[in-house]
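**Student:** Submitted below is the structure of interest, expressed as structure tokens.
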Amino acid sequence: MRRKTPLQKMSRMMSLILLLAALPFAVTILEKKLNPQRKVASDQEAATTVLAADHDLSEASPEEFKKAFKYQILKEASLVRTNTGPGISLGLFLTKNESGNKVFVCDEYPLIDLIFAAEGVAFSGDIPQMVVRGPCQVSADQRHIEALPIPFSKILASPLSQYEFQSEIPGSREKVQIYFRNAAEFWPLEWTWVGVKLYGKNPENTLQINGYEVISVLGEPLTIKASATSE
């Protein structure tokens, strides 16, 4: 029998080492091909872990949730100014979808209304109201619901007969609709935030907060002042 030379043995050993070194890489490639959705799921999981434990309402009972979601939305509510106009950023929280998965509230309630009233002003006994309607979007820091800008410079330059306006969220193609009721004689310049309503994927499923609840958490009314110049 012909014996292998030391050079042949070394060559065979090197081939075996290279094969073993490449094995983990091959397994990774195969796993990606067999499980293309795994990375997406992991990214979504990581996103929902950004919020602190007190923002996670996914395990709250129905009774606990009724109070807790209002506090989470209101406690971090703040006035935001953009080139389009001012808006209100809201607190974000996690909830559970129909499949039992933990998701952002905007995933289950994609549409939101912010309701304002021109308190101290009345036309024929009716207080002017403004409803700002737009998409519920998670902010870049994943801790807030994106503000819906109000284009007051456009509104104040328009006739009172116009009761519907539109704007865009900066950095987004999503539209914001603004509706007015009971505005006559002049455009009010101060608007007090008196409520919020989130609409579920099924529009009959809603979350609501009224003006008294806003004040009970914030300690005072949150008022937006209209300006004829862009904010």
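Numbering starts fresh at 1 for the residues of each chain in the structure tokens, the chains themselves are lettered A, B, ... in the order given, and ligands are numbered from 1 as they appear.
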What are the DSSP alpha helix (DSSP H) residues of segment 88-136 of chain A, as a list in words?
**Tutor:**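 Restricting segment 88-136 of chain A to alpha helix (DSSP H) produces Val105, Cys106, Asp107 and Glu108 of chain A.
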**Student:** Could you make a table, as a tab-separated table, of the residues of segment 64-125 of chain A that have an atom within 8 Å of an atom of segment 201-205 of chain A, each with its nearest atom pair and distance in Å to one decimal, counting only C-alpha atoms, in chain and number order?
**Tutor:**
residue	atom	partner	partner_atom	distance
A:Glu108	CA	A:Lys201	CA	6.1
A:Tyr109	CA	A:Lys201	CA	6.0
A:Pro110	CA	A:Lys201	CA	6.7
**Student:** Extract, using only C-alpha atoms, all DNA, RNA and protein residues at most 12 Å from segment 166-183 of chain A, discarding same-chain residues fewer than 3 positions from it, and format them as JSON, numbers by chain.
**Tutor:** {"A": [80, 81, 82, 83, 84, 85, 86, 87, 89, 110, 111, 112, 113, 114, 115, 116, 117, 118, 121, 122, 123, 124, 125, 126, 127, 128, 129, 130, 131, 132, 133, 134, 135, 136, 137, 138, 139, 140, 145, 146, 147, 148, 149, 150, 151, 152, 153, 154, 155, 156, 159, 160, 161, 162, 163, 186, 187, 188, 189, 191]}
**Student:** Would you mind listing what lies within 7 Å of Leu57 of chain A as a ChimeraX atom specification, with only C-alpha atoms counted and same-chain residues fewer than 5 positions away left out?
**Tutor:** /A:65,93-95
**Student:** From the options A:Lys197, A:His144, A:His55, A:Lys225, which residue's atoms come nearest to Leu90 of chain A, counting only C-alpha atoms?
**Tutor:**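 Checking each candidate against Leu90 of chain A, we get A:His144 as the closest.
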**Student:** How many Å lie between atom CA of Val105 of chain A and atom CA of Leu207 of chain A, rounded to one decimal?
**Tutor:** 10.3 Å
**Student:** Restricting the calculation to only C-alpha atoms: of A:Lys96, A:Lys102, A:Lys75, A:Arg143, which residue gets closest to Ser61 of chain A?
**Tutor:**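 Smallest separation from Ser61 of chain A among the options: A:Lys96.
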**Student:** What does the distance from atom CA of Ser216 of chain A to atom CA of Asp107 of chain A come to in Å, to one decimal?
**Tutor:**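 Spanning atom CA of Ser216 of chain A to atom CA of Asp107 of chain A is a straight-line distance of 27.2 Å.
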